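File shown here: start.pdb, holding PDB, C-alpha atoms.
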ATOM      1  CA  MET A   1     -11.498  41.856   0.298
ATOM      2  CA  PRO A   2      -9.034  43.819  -1.897
ATOM      3  CA  GLU A   3      -6.452  43.718   0.924
ATOM      4  CA  GLU A   4      -6.899  39.944   1.277
ATOM      5  CA  GLN A   5      -6.422  39.505  -2.459
ATOM      6  CA  SER A   6      -3.308  41.688  -2.328
ATOM      7  CA  ASN A   7      -1.845  39.580   0.473
ATOM      8  CA  ALA A   8      -2.644  36.416  -1.459
ATOM      9  CA  ASP A   9      -0.868  37.836  -4.501
ATOM     10  CA  LYS A  10       2.155  38.709  -2.355
ATOM     11  CA  ARG A  11       2.321  35.162  -1.017
ATOM     12  CA  ARG A  12       2.167  33.740  -4.533
ATOM     13  CA  GLU A  13       4.910  36.116  -5.649
ATOM     14  CA  PHE A  14       7.057  35.102  -2.667
ATOM     15  CA  ILE A  15       6.689  31.426  -3.617
ATOM     16  CA  LEU A  16       7.615  32.113  -7.242
ATOM     17  CA  LEU A  17      10.647  34.224  -6.291
ATOM     18  CA  SER A  18      11.799  31.575  -3.802
ATOM     19  CA  LEU A  19      11.791  28.974  -6.557
ATOM     20  CA  ARG A  20      13.513  31.252  -9.067
ATOM     21  CA  ASP A  21      16.237  31.952  -6.516
ATOM     22  CA  ARG A  22      16.600  28.241  -5.914
ATOM     23  CA  TYR A  23      16.587  27.328  -9.607
ATOM     24  CA  PRO A  24      18.134  30.275 -11.507
ATOM     25  CA  GLY A  25      17.767  30.149 -15.257
ATOM     26  CA  GLN A  26      14.733  27.867 -15.126
ATOM     27  CA  GLU A  27      11.249  28.963 -16.038
ATOM     28  CA  GLY A  28       9.789  25.873 -14.440
ATOM     29  CA  PHE A  29       6.373  24.470 -15.252
ATOM     30  CA  ARG A  30       3.114  26.045 -14.143
ATOM     31  CA  LEU A  31       0.805  23.051 -14.009
ATOM     32  CA  PRO A  32      -2.982  23.495 -14.129
ATOM     33  CA  VAL A  33      -5.100  22.065 -11.339
ATOM     34  CA  PRO A  34      -8.793  21.281 -10.839
ATOM     35  CA  ALA A  35     -10.958  23.929  -9.212
ATOM     36  CA  GLY A  36     -10.200  24.252  -5.521
ATOM     37  CA  VAL A  37      -8.042  26.079  -3.022
ATOM     38  CA  VAL A  38      -4.808  25.662  -5.041
ATOM     39  CA  GLU A  39      -4.293  28.139  -7.892
ATOM     40  CA  ASP A  40      -1.525  26.147  -9.564
ATOM     41  CA  VAL A  41       1.385  23.802  -8.899
ATOM     42  CA  LEU A  42       4.885  24.824  -9.934
ATOM     43  CA  ALA A  43       7.409  22.150 -10.926
ATOM     44  CA  TYR A  44      11.151  22.551 -11.381
ATOM     45  CA  ALA A  45      13.699  20.052 -12.667
ATOM     46  CA  VAL A  46      16.697  19.022 -10.584
ATOM     47  CA  PRO A  47      18.613  17.254 -13.375
ATOM     48  CA  GLU A  48      21.894  16.738 -11.529
ATOM     49  CA  PRO A  49      22.489  14.913  -8.231
ATOM     50  CA  VAL A  50      22.284  17.440  -5.377
ATOM     51  CA  GLY A  51      23.221  16.638  -1.799
ATOM     52  CA  GLY A  52      23.268  12.958  -2.626
ATOM     53  CA  ALA A  53      19.746  13.076  -4.066
ATOM     54  CA  ALA A  54      18.985  11.541  -7.442
ATOM     55  CA  PRO A  55      17.683  13.733 -10.294
ATOM     56  CA  HIS A  56      14.100  14.638  -9.530
ATOM     57  CA  TRP A  57      11.178  17.020  -9.986
ATOM     58  CA  HIS A  58      10.364  19.543  -7.259
ATOM     59  CA  TYR A  59       6.652  20.407  -6.971
ATOM     60  CA  VAL A  60       5.215  23.319  -4.946
ATOM     61  CA  THR A  61       1.581  24.340  -4.495
ATOM     62  CA  ARG A  62       0.409  27.951  -4.571
ATOM     63  CA  GLY A  63      -2.813  28.962  -2.873
ATOM     64  CA  LEU A  64      -3.169  26.545   0.041
ATOM     65  CA  SER A  65      -1.625  29.106   2.412
ATOM     66  CA  ASP A  66      -4.648  31.353   1.743
ATOM     67  CA  ALA A  67      -6.935  28.888   3.541
ATOM     68  CA  PRO A  68      -7.182  29.646   7.291
ATOM     69  CA  ALA A  69      -7.099  25.922   8.115
ATOM     70  CA  SER A  70      -3.711  25.519   6.431
ATOM     71  CA  GLN A  71      -1.845  27.589   9.062
ATOM     72  CA  GLY A  72       0.128  29.141   6.202
ATOM     73  CA  VAL A  73       1.330  25.832   4.777
ATOM     74  CA  GLU A  74       2.096  25.162   1.124
ATOM     75  CA  LEU A  75       2.770  21.551   0.154
ATOM     76  CA  THR A  76       5.863  20.443  -1.714
ATOM     77  CA  MET A  77       7.033  17.107  -3.078
ATOM     78  CA  ARG A  78      10.151  15.743  -4.749
ATOM     79  CA  VAL A  79       9.665  12.857  -7.171
ATOM     80  CA  ALA A  80      12.525  10.907  -8.701
ATOM     81  CA  ALA A  81      12.843  11.556 -12.433
ATOM     82  CA  SER A  82      12.681   8.566 -14.751
ATOM     83  CA  THR A  83      15.545  10.009 -16.818
ATOM     84  CA  ASP A  84      17.691  13.067 -16.121
ATOM     85  CA  GLY A  85      14.925  15.435 -15.089
ATOM     86  CA  THR A  86      14.396  16.854 -18.561
ATOM     87  CA  GLY A  87      11.174  16.682 -20.521
ATOM     88  CA  THR A  88       7.885  17.256 -18.720
ATOM     89  CA  PRO A  89       7.071  16.413 -15.111
ATOM     90  CA  PRO A  90       4.594  13.608 -14.375
ATOM     91  CA  LEU A  91       1.157  14.862 -13.353
ATOM     92  CA  TRP A  92       0.168  12.383 -10.648
ATOM     93  CA  PRO A  93       1.959  14.444  -7.927
ATOM     94  CA  VAL A  94      -0.196  17.419  -8.962
ATOM     95  CA  ASP A  95      -3.354  15.378  -8.437
ATOM     96  CA  LEU A  96      -2.104  14.163  -5.058
ATOM     97  CA  LEU A  97      -1.061  17.588  -3.760
ATOM     98  CA  THR A  98      -4.244  19.342  -4.881
ATOM     99  CA  TYR A  99      -6.401  16.571  -3.413
ATOM    100  CA  LEU A 100      -4.689  16.951  -0.046
ATOM    101  CA  ALA A 101      -4.858  20.746  -0.196
ATOM    102  CA  ASN A 102      -8.605  20.607  -0.781
ATOM    103  CA  TYR A 103      -8.935  18.101   2.061
ATOM    104  CA  VAL A 104      -7.144  20.504   4.411
ATOM    105  CA  ALA A 105      -9.306  23.451   3.351
ATOM    106  CA  ASP A 106     -12.565  21.493   3.537
ATOM    107  CA  HIS A 107     -11.971  19.621   6.797
ATOM    108  CA  GLY A 108      -9.884  22.116   8.761
ATOM    109  CA  HIS A 109      -6.966  19.758   9.444
ATOM    110  CA  PRO A 110      -3.576  21.375   8.717
ATOM    111  CA  ILE A 111      -0.639  19.257   7.555
ATOM    112  CA  LEU A 112       2.362  19.900   9.785
ATOM    113  CA  PRO A 113       5.851  18.398  10.154
ATOM    114  CA  ASN A 114       5.910  14.815  11.474
ATOM    115  CA  HIS A 115       2.289  14.264  10.502
ATOM    116  CA  HIS A 116       1.522  11.119   8.578
ATOM    117  CA  LEU A 117      -1.179  10.105   6.155
ATOM    118  CA  ASP A 118      -2.602   6.764   5.033
ATOM    119  CA  MET A 119      -4.008   7.044   1.509
ATOM    120  CA  GLN A 120      -5.195   3.404   1.580
ATOM    121  CA  GLY A 121      -4.130   2.976  -2.032
ATOM    122  CA  PRO A 122      -1.154   3.687  -4.318
ATOM    123  CA  ILE A 123      -0.370   7.406  -4.292
ATOM    124  CA  ALA A 124       1.061   7.243  -7.825
ATOM    125  CA  GLY A 125      -1.952   5.457  -9.281
ATOM    126  CA  GLU A 126      -1.111   3.721 -12.536
ATOM    127  CA  GLU A 127       2.513   4.853 -12.245
ATOM    128  CA  GLU A 128       3.077   2.310  -9.463
ATOM    129  CA  PRO A 129       5.002  -0.689 -10.824
ATOM    130  CA  GLY A 130       3.659  -4.205 -10.534
ATOM    131  CA  GLY A 131       5.642  -7.380 -10.239
ATOM    132  CA  GLY A 132       5.256  -7.722  -6.488
ATOM    133  CA  THR A 133       6.835  -4.353  -5.665
ATOM    134  CA  GLU A 134       5.293  -2.850  -2.540
ATOM    135  CA  PRO A 135       3.458   0.344  -3.580
ATOM    136  CA  LEU A 136       3.694   3.716  -1.878
ATOM    137  CA  THR A 137       0.351   4.033  -0.092
ATOM    138  CA  ALA A 138       1.106   6.575   2.635
ATOM    139  CA  ALA A 139       3.130   9.688   3.369
ATOM    140  CA  VAL A 140       5.002  11.539   6.069
ATOM    141  CA  PHE A 141       5.680  15.273   6.152
ATOM    142  CA  SER A 142       8.733  17.344   7.033
ATOM    143  CA  PRO A 143       9.920  20.902   6.356
ATOM    144  CA  ASP A 144      11.104  21.330   2.774
ATOM    145  CA  PRO A 145      14.916  21.140   2.968
ATOM    146  CA  ALA A 146      15.540  23.884   0.386
ATOM    147  CA  LEU A 147      12.770  26.473   0.730
ATOM    148  CA  THR A 148      12.752  29.009   3.558
ATOM    149  CA  SER A 149       9.490  29.916   5.247
ATOM    150  CA  SER A 150       8.308  33.517   5.438
ATOM    151  CA  ASN A 151       6.373  35.398   8.093
ATOM    152  CA  ARG A 152       5.800  38.816   6.557
ATOM    153  CA  SER A 153       2.973  41.316   6.691
ATOM    154  CA  ALA A 154       1.281  39.491   3.812
ATOM    155  CA  GLY A 155       1.006  36.399   5.988
ATOM    156  CA  THR A 156       2.891  33.232   6.785
ATOM    157  CA  VAL A 157       4.123  30.832   4.122
ATOM    158  CA  VAL A 158       5.543  27.524   5.367
ATOM    159  CA  PHE A 159       6.758  24.810   3.004
ATOM    160  CA  ASN A 160       6.026  21.259   4.193
ATOM    161  CA  GLN A 161       7.192  18.394   2.036
ATOM    162  CA  LEU A 162       5.283  15.182   1.373
ATOM    163  CA  ILE A 163       7.417  12.029   1.212
ATOM    164  CA  GLY A 164       5.777   8.878  -0.119
ATOM    165  CA  ILE A 165       6.196   5.720   1.975
ATOM    166  CA  THR A 166       4.960   2.138   1.953
ATOM    167  CA  ALA A 167       2.383   0.633   4.311
ATOM    168  CA  ARG A 168       5.223  -1.185   6.103
ATOM    169  CA  ASP A 169       7.086   2.120   6.466
ATOM    170  CA  LEU A 170       3.982   3.707   7.974
ATOM    171  CA  ARG A 171       3.674   0.966  10.589
ATOM    172  CA  ASP A 172       7.335   1.410  11.463
ATOM    173  CA  ALA A 173       6.993   5.203  11.712
ATOM    174  CA  LEU A 174       3.984   4.944  14.025
ATOM    175  CA  GLY A 175       5.562   2.218  16.119
ATOM    176  CA  TRP A 176       8.645   4.333  16.763
ATOM    177  CA  ARG A 177       9.033   8.106  16.648
ATOM    178  CA  THR A 178       7.924   9.671  13.401
ATOM    179  CA  GLU A 179      10.628  12.335  13.413
ATOM    180  CA  LYS A 180      13.360   9.715  13.858
ATOM    181  CA  PHE A 181      11.884   7.545  11.134
ATOM    182  CA  ILE A 182      11.912  10.575   8.812
ATOM    183  CA  ASP A 183      15.578  11.176   9.678
ATOM    184  CA  LEU A 184      16.317   7.571   8.710
ATOM    185  CA  LEU A 185      14.232   7.901   5.543
ATOM    186  CA  THR A 186      15.928  11.089   4.363
ATOM    187  CA  GLY A 187      19.302   9.544   5.113
ATOM    188  CA  ALA A 188      18.463   6.718   2.728
ATOM    189  CA  TYR A 189      16.765   9.022   0.195
ATOM    190  CA  PRO A 190      18.419  12.460   0.501
ATOM    191  CA  LEU A 191      16.221  15.559   0.331
ATOM    192  CA  GLY A 192      13.214  13.307   0.910
ATOM    193  CA  VAL A 193      12.857  12.341  -2.738
ATOM    194  CA  THR A 194       9.869  10.048  -3.303
ATOM    195  CA  VAL A 195      10.966   7.030  -5.329
ATOM    196  CA  VAL A 196       8.127   5.017  -6.836
ATOM    197  CA  GLY A 197       8.857   1.291  -6.717
ATOM    198  CA  ARG A 198      11.403   1.416  -3.903
ATOM    199  CA  PRO A 199      11.294  -1.229  -1.162
ATOM    200  CA  SER A 200      10.335  -0.476   2.429
ATOM    201  CA  LEU A 201      13.191   0.764   4.596
ATOM    202  CA  ARG A 202      13.306  -2.458   6.560
ATOM    203  CA  ALA A 203      14.188  -4.345   3.385
ATOM    204  CA  HIS A 204      17.695  -3.056   4.170
ATOM    205  CA  ALA A 205      19.094  -5.038   7.109
ATOM    206  CA  ARG A 206      20.937  -2.082   8.648
ATOM    207  CA  LEU A 207      17.852   0.143   8.576
ATOM    208  CA  ALA A 208      15.623  -2.640   9.913
ATOM    209  CA  THR A 209      17.977  -3.003  12.871
ATOM    210  CA  ARG A 210      17.859   0.740  13.545
ATOM    211  CA  ILE A 211      14.050   0.730  13.457
ATOM    212  CA  ASP A 212      13.721  -2.318  15.711
ATOM    213  CA  GLU A 213      16.269  -1.060  18.221
ATOM    214  CA  GLY A 214      14.675   2.381  18.360
ATOM    215  CA  THR A 215      11.187   0.953  18.812
ATOM    216  CA  ALA A 216      12.285  -1.447  21.546
ATOM    217  CA  LYS A 217      14.186   1.249  23.434
ATOM    218  CA  GLU A 218      11.920   4.269  23.022
ATOM    219  CA  GLY A 219       8.446   3.072  22.095
ATOM    220  CA  SER A 220       6.132   5.304  20.113
ATOM    221  CA  SER A 221       5.653   9.060  20.314
ATOM    222  CA  THR A 222       2.269   8.744  18.576
ATOM    223  CA  SER A 223      -0.261   9.249  21.370
ATOM    224  CA  HIS A 224      -3.371   8.865  19.239
ATOM    225  CA  GLY A 225      -4.573   7.205  16.079
ATOM    226  CA  VAL A 226      -7.230   8.256  13.589
ATOM    227  CA  ALA A 227      -9.931   5.636  13.091
ATOM    228  CA  ASP A 228     -11.278   5.061   9.611
ATOM    229  CA  ARG A 229     -14.579   4.197  11.320
ATOM    230  CA  LEU A 230     -15.315   4.191  15.036
ATOM    231  CA  GLU A 231     -18.594   3.489  16.828
ATOM    232  CA  GLN A 232     -19.277   2.562  20.434
ATOM    233  CA  LYS A 233     -22.006   1.831  22.917
ATOM    234  CA  TYR A 234     -22.041   0.678  26.519
ATOM    235  CA  VAL A 235     -24.644  -2.017  27.141
ATOM    236  CA  ASP A 236     -25.119  -4.141  30.272
ATOM    237  CA  GLY A 237     -21.682  -3.334  31.610
ATOM    238  CA  ARG A 238     -19.902  -4.168  28.365
ATOM    239  CA  LEU A 239     -18.219  -1.693  26.011
ATOM    240  CA  ARG A 240     -18.984  -2.585  22.401
ATOM    241  CA  LEU A 241     -16.757  -1.038  19.745
ATOM    242  CA  ALA A 242     -16.918  -1.094  15.956
ATOM    243  CA  MET A 243     -13.891   0.009  13.954
ATOM    244  CA  GLY A 244     -12.184  -0.453  10.610
ATOM    245  CA  PRO A 245      -8.939  -2.305   9.931
ATOM    246  CA  VAL A 246      -6.772   0.836  10.033
ATOM    247  CA  ALA A 247      -7.953   1.502  13.575
ATOM    248  CA  VAL A 248      -7.351  -2.122  14.557
ATOM    249  CA  GLU A 249      -3.761  -1.925  13.312
ATOM    250  CA  ALA A 250      -3.272   1.214  15.411
ATOM    251  CA  VAL A 251      -4.699  -0.468  18.523
ATOM    252  CA  LEU A 252      -2.513  -3.542  18.042
ATOM    253  CA  SER A 253       0.629  -1.473  17.561
ATOM    254  CA  ALA A 254      -0.176   0.667  20.610
ATOM    255  CA  GLN A 255      -0.230  -2.372  22.898
ATOM    256  CA  ARG A 256       3.499  -2.804  22.358
ATOM    257  CA  THR A 257       4.710   0.713  21.617
ATOM    258  CA  ARG A 258       2.478   2.784  23.943
ATOM    259  CA  LEU A 259       0.841   0.652  26.654
ATOM    260  CA  GLY A 260       4.015  -1.427  26.947
ATOM    261  CA  PHE A 261       5.807   1.776  27.986
ATOM    262  CA  GLU A 262       3.038   2.802  30.431
ATOM    263  CA  ARG A 263       1.752   5.444  27.999
ATOM    264  CA  GLU A 264      -1.895   5.907  27.150
ATOM    265  CA  PHE A 265      -3.255   5.759  23.637
ATOM    266  CA  THR A 266      -6.377   7.418  22.222
ATOM    267  CA  LEU A 267      -8.311   6.327  19.165
ATOM    268  CA  VAL A 268     -10.226   9.222  17.613
ATOM    269  CA  GLY A 269     -12.926   9.119  14.968
ATOM    270  CA  PRO A 270     -16.004  11.005  13.804
ATOM    271  CA  GLY A 271     -17.711  10.585  17.191
ATOM    272  CA  PRO A 272     -16.541   9.849  20.750
ATOM    273  CA  ALA A 273     -12.966   8.680  21.217
ATOM    274  CA  VAL A 274     -11.714   5.516  22.898
ATOM    275  CA  ARG A 275      -8.877   5.830  25.404
ATOM    276  CA  PHE A 276      -6.624   2.935  26.362
ATOM    277  CA  LEU A 277      -5.095   3.613  29.787
ATOM    278  CA  PRO A 278      -2.266   1.598  31.378
ATOM    279  CA  ALA A 279      -3.430  -0.129  34.562
ATOM    280  CA  GLN A 280      -1.596  -2.217  37.131
ATOM    281  CA  ASP A 281      -4.313  -4.199  38.876
ATOM    282  CA  THR A 282      -7.939  -4.392  37.778
ATOM    283  CA  PRO A 283      -8.950  -3.972  34.130
ATOM    284  CA  ARG A 284     -12.131  -1.982  33.494
ATOM    285  CA  ALA A 285     -14.203  -0.734  30.592
ATOM    286  CA  SER A 286     -16.483   2.279  30.958
ATOM    287  CA  VAL A 287     -17.643   5.537  29.379
ATOM    288  CA  ASP A 288     -16.613   8.901  30.820
ATOM    289  CA  PRO A 289     -18.982  11.901  31.216
ATOM    290  CA  ALA A 290     -17.898  13.254  27.819
ATOM    291  CA  GLY A 291     -19.010  10.018  26.171
ATOM    292  CA  ASP A 292     -15.523   8.692  25.426
ATOM    293  CA  GLY A 293     -14.861   5.021  25.951
ATOM    294  CA  LEU A 294     -12.264   4.129  28.594
ATOM    295  CA  ILE A 295     -10.399   0.835  28.705
ATOM    296  CA  GLU A 296      -7.994   0.311  31.607
ATOM    297  CA  VAL A 297      -5.457  -2.090  30.183
ATOM    298  CA  THR A 298      -3.385  -4.446  32.309
ATOM    299  CA  ARG A 299      -0.608  -6.556  30.835
ATOM    300  CA  THR A 300      -3.015  -9.506  30.689
ATOM    301  CA  VAL A 301      -5.534  -7.470  28.682
ATOM    302  CA  SER A 302      -2.822  -6.208  26.362
ATOM    303  CA  ASP A 303      -1.584  -9.745  25.762
ATOM    304  CA  GLU A 304      -5.111 -10.901  24.903
ATOM    305  CA  ILE A 305      -5.688  -8.002  22.505
ATOM    306  CA  ARG A 306      -2.472  -8.827  20.670
ATOM    307  CA  ALA A 307      -3.258 -12.543  20.559
ATOM    308  CA  ARG A 308      -6.963 -12.404  19.726
ATOM    309  CA  LEU A 309      -7.680  -9.214  17.768
ATOM    310  CA  ASP A 310      -7.180  -9.214  14.002
ATOM    311  CA  ALA A 311      -7.778  -6.673  11.228
ATOM    312  CA  SER A 312     -10.013  -9.142   9.380
ATOM    313  CA  PRO A 313     -13.755  -8.340   9.548
ATOM    314  CA  GLY A 314     -15.445 -10.162  12.401
ATOM    315  CA  THR A 315     -16.448  -9.928  16.064
ATOM    316  CA  TYR A 316     -13.844 -10.342  18.798
ATOM    317  CA  GLU A 317     -15.006 -10.909  22.388
ATOM    318  CA  LEU A 318     -12.357 -10.157  25.000
ATOM    319  CA  THR A 319     -12.439 -12.271  28.162
ATOM    320  CA  THR A 320      -9.995 -10.315  30.330
ATOM    321  CA  VAL A 321     -12.048  -7.106  30.171
ATOM    322  CA  ASN A 322     -15.684  -6.416  29.256
ATOM    323  CA  VAL A 323     -15.014  -5.282  25.695
ATOM    324  CA  THR A 324     -16.297  -6.518  22.347
ATOM    325  CA  ILE A 325     -14.644  -5.278  19.153
ATOM    326  CA  GLU A 326     -16.351  -5.630  15.793
ATOM    327  CA  VAL A 327     -14.054  -5.086  12.814
ATOM    328  CA  ILE A 328     -15.950  -3.562   9.893
ATOM    329  CA  GLU A 329     -15.062  -2.621   6.327
ATOM    330  CA  ALA A 330     -12.573   0.186   5.692
ATOM    331  CA  ASP A 331     -13.471   3.720   4.671
ATOM    332  CA  PRO A 332     -11.642   4.468   1.381
ATOM    333  CA  HIS A 333     -10.757   8.060   2.332
ATOM    334  CA  PRO A 334      -7.289   9.088   3.580
ATOM    335  CA  LYS A 335      -6.551   9.306   7.274
ATOM    336  CA  MET A 336      -4.310  12.122   8.489
ATOM    337  CA  MET A 337      -2.521  12.894  11.704
TER
END

Would you mind giving the structure from this file in C-alpha cells?
Amino acid sequence: MPEEQSNADKRREFILLSLRDRYPGQEGFRLPVPAGVVEDVLAYAVPEPVGGAAPHWHYVTRGLSDAPASQGVELTMRVAASTDGTGTPPLWPVDLLTYLANYVADHGHPILPNHHLDMQGPIAGEEEPGGGTEPLTAAVFSPDPALTSSNRSAGTVVFNQLIGITARDLRDALGWRTEKFIDLLTGAYPLGVTVVGRPSLRAHARLATRIDEGTAKEGSSTSHGVADRLEQKYVDGRLRLAMGPVAVEAVLSAQRTRLGFEREFTLVGPGPAVRFLPAQDTPRASVDPAGDGLIEVTRTVSDEIRARLDASPGTYELTTVNVTIEVIEADPHPKMM
C-alpha cells in the first residue's frame, strides 16, 4: 500500500509540474471535487489567443489515473472564457469531469481517443444559453494537444481531452469517421476548445459539405453502438427487440453508413447484443449459441428499417424479415463508446 500511495503521489506531482511548465508564472486554481476517484481538478487561464484558439480555461483532473479501469488516463477540457480568461473558472466543467471519472472507475470503461459520449442533456447545465441555440449534449475525446503523456516507473499518465459537441455533431461523427470529424472540429475550434452556445458544425456550409462528402465516400468506422436499453427474445420464429431511442438512432444510421458499405453493425447493451449482418439474398432473424440476436440484412430489409422505424415510442413490425422492434423510454444515464 505505501508503494501504491507513493506512485500515486508521483503521478500527481507529474501532472502539476506539466501544467506549471506549460503555464509558467501561474499558480492556477485547485478546485475541490465531491468524494470519488478524483482528488482535485486543476484549472489554468489561457488569457491570450494561442494557436488560433480563443481565450479559455484549461481543466485537468488528478487521481483518475490511479483507477485500474482508467488505463492511466486523466481527463482534460478547454472551455472558452466569457471574458479574457481572468477571474475564476466556471465550475460546471469540474462537475462534468468528476462525474465521468467516477463513471469510469465504477463501471470499468476507460475513455480513450476517438471515443464519444452521449450525455442526453446539456453538459453545461444552466450555463447553456436559451433562445433556440442547440445545446452541447455530447462529447468526443482526443489526446490533449499541449500535455505530454508519461510512462514512468510510477505508472502511466495519459491526458485525453473532452470536447463538447451538439446532438447533431454526434450523429455526424458516428455516421462518418470519428477521428476525421474531430480533425474538422479542431480545425474550426483550435485546440479543441468547448464553446457553449456554438452552432453544430454543419451550420457552416463548407463544413457540412465536408461531412456529407466524407460520409458518402467512406461510410462509418463505428462498428458498434451502445444501447440505452436493449432487450430481446425469440418467439415462434420471430426476433422481438426492445430498445430506447438512442439505440434506434444508431440502428437507423448504421443502415446507411455501415450496412450500405457491406459492413456489419453490433448493438450492445446490458445483456445479449444484436448483430446486423449484410446479406445478399435471403434475410433471416435468429439467435446464436451465445444468445446474441442476428439479423441478416438485405437491401430490401435496410430500406424498410429506414422507412418504417422511428425513435418515437411504439411497436414496429417489419415485413421483410421476422423482426419486431419496440421503442421504449430512454435511460437518462450517459452512453459511452

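Using the PyMOL selection byres ((chain A and resi 231) around 10) on this structure selects Ala227, Arg229, Leu230, Gln232, Lys233, Arg240, Leu241, Ala242, Met243, Gly244, Gly269, Pro270, Gly271, Pro272, Ala273, Val274, Gly293, Ile325 and Glu326 of chain A.
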
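Each of A:Val327, A:Leu239, A:Ala290, A:Ala203 was compared to Thr315 in chain A using all atoms listed in the file, and A:Val327 turns out to be the nearest.
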
Of A:Arg256, A:Arg206, A:Arg275, A:Arg263, the one sitting nearest Asp303 in chain A when using all atoms listed in the file is A:Arg256

At a cut-off of 10 Å, using all atoms listed in the file, what residues contact Arg299 in chain A? Leave out same-chain residues fewer than 4 positions from it and give the result as an NGL selection string. :A and (255 or 259-260 or 278-281 or 283 or 303-305)

What is the CA of His116 in chain A-CA of Ser150 in chain A distance in Å, reported with one decimal? 23.6 Å

Completed range 259-278 of chain A (N, CA and C atoms) as an mmCIF file, keeping the file's coordinate frame:
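Full text of part-v8.cif as output:
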data_model
loop_
_atom_site.group_PDB
_atom_site.id
_atom_site.type_symbol
_atom_site.label_atom_id
_atom_site.label_comp_id
_atom_site.auth_asym_id
_atom_site.auth_seq_id
_atom_site.Cartn_x
_atom_site.Cartn_y
_atom_site.Cartn_z
ATOM 1 N N LEU A 259 1.216 1.239 25.372
ATOM 2 C CA LEU A 259 0.841 0.652 26.654
ATOM 3 C C LEU A 259 2.012 -0.092 27.275
ATOM 4 N N GLY A 260 2.848 -0.712 26.440
ATOM 5 C CA GLY A 260 4.015 -1.427 26.947
ATOM 6 C C GLY A 260 5.030 -0.520 27.609
ATOM 7 N N PHE A 261 4.938 0.781 27.359
ATOM 8 C CA PHE A 261 5.807 1.776 27.986
ATOM 9 C C PHE A 261 5.030 2.626 29.001
ATOM 10 N N GLU A 262 3.881 2.098 29.453
ATOM 11 C CA GLU A 262 3.038 2.802 30.431
ATOM 12 C C GLU A 262 2.573 4.159 29.900
ATOM 13 N N ARG A 263 2.264 4.219 28.606
ATOM 14 C CA ARG A 263 1.752 5.444 27.999
ATOM 15 C C ARG A 263 0.358 5.169 27.458
ATOM 16 N N GLU A 264 -0.540 6.116 27.647
ATOM 17 C CA GLU A 264 -1.895 5.907 27.150
ATOM 18 C C GLU A 264 -1.964 6.130 25.647
ATOM 19 N N PHE A 265 -3.040 5.641 25.076
ATOM 20 C CA PHE A 265 -3.255 5.759 23.637
ATOM 21 C C PHE A 265 -4.724 6.060 23.403
ATOM 22 N N THR A 266 -5.005 7.015 22.509
ATOM 23 C CA THR A 266 -6.377 7.418 22.222
ATOM 24 C C THR A 266 -6.690 7.184 20.754
ATOM 25 N N LEU A 267 -7.827 6.547 20.524
ATOM 26 C CA LEU A 267 -8.311 6.327 19.165
ATOM 27 C C LEU A 267 -9.416 7.339 18.918
ATOM 28 N N VAL A 268 -9.248 8.176 17.898
ATOM 29 C CA VAL A 268 -10.226 9.222 17.613
ATOM 30 C C VAL A 268 -10.887 8.950 16.269
ATOM 31 N N GLY A 269 -12.159 9.319 16.190
ATOM 32 C CA GLY A 269 -12.926 9.119 14.968
ATOM 33 C C GLY A 269 -13.960 10.210 14.822
ATOM 34 N N PRO A 270 -14.973 9.984 14.017
ATOM 35 C CA PRO A 270 -16.004 11.005 13.804
ATOM 36 C C PRO A 270 -16.790 11.338 15.067
ATOM 37 N N GLY A 271 -16.938 10.380 15.973
ATOM 38 C CA GLY A 271 -17.711 10.585 17.191
ATOM 39 C C GLY A 271 -16.822 10.524 18.420
ATOM 40 N N PRO A 272 -17.332 9.964 19.523
ATOM 41 C CA PRO A 272 -16.541 9.849 20.750
ATOM 42 C C PRO A 272 -15.269 9.033 20.540
ATOM 43 N N ALA A 273 -14.247 9.379 21.302
ATOM 44 C CA ALA A 273 -12.966 8.680 21.217
ATOM 45 C C ALA A 273 -12.972 7.454 22.127
ATOM 46 N N VAL A 274 -11.939 6.649 21.999
ATOM 47 C CA VAL A 274 -11.714 5.516 22.898
ATOM 48 C C VAL A 274 -10.299 5.641 23.438
ATOM 49 N N ARG A 275 -10.176 5.673 24.763
ATOM 50 C CA ARG A 275 -8.877 5.830 25.404
ATOM 51 C C ARG A 275 -8.451 4.516 26.046
ATOM 52 N N PHE A 276 -7.224 4.123 25.761
ATOM 53 C CA PHE A 276 -6.624 2.935 26.362
ATOM 54 C C PHE A 276 -5.627 3.415 27.414
ATOM 55 N N LEU A 277 -5.898 3.102 28.688
ATOM 56 C CA LEU A 277 -5.095 3.613 29.787
ATOM 57 C C LEU A 277 -4.321 2.476 30.441
ATOM 58 N N PRO A 278 -3.017 2.651 30.693
ATOM 59 C CA PRO A 278 -2.266 1.598 31.378
ATOM 60 C C PRO A 278 -2.765 1.421 32.804
#
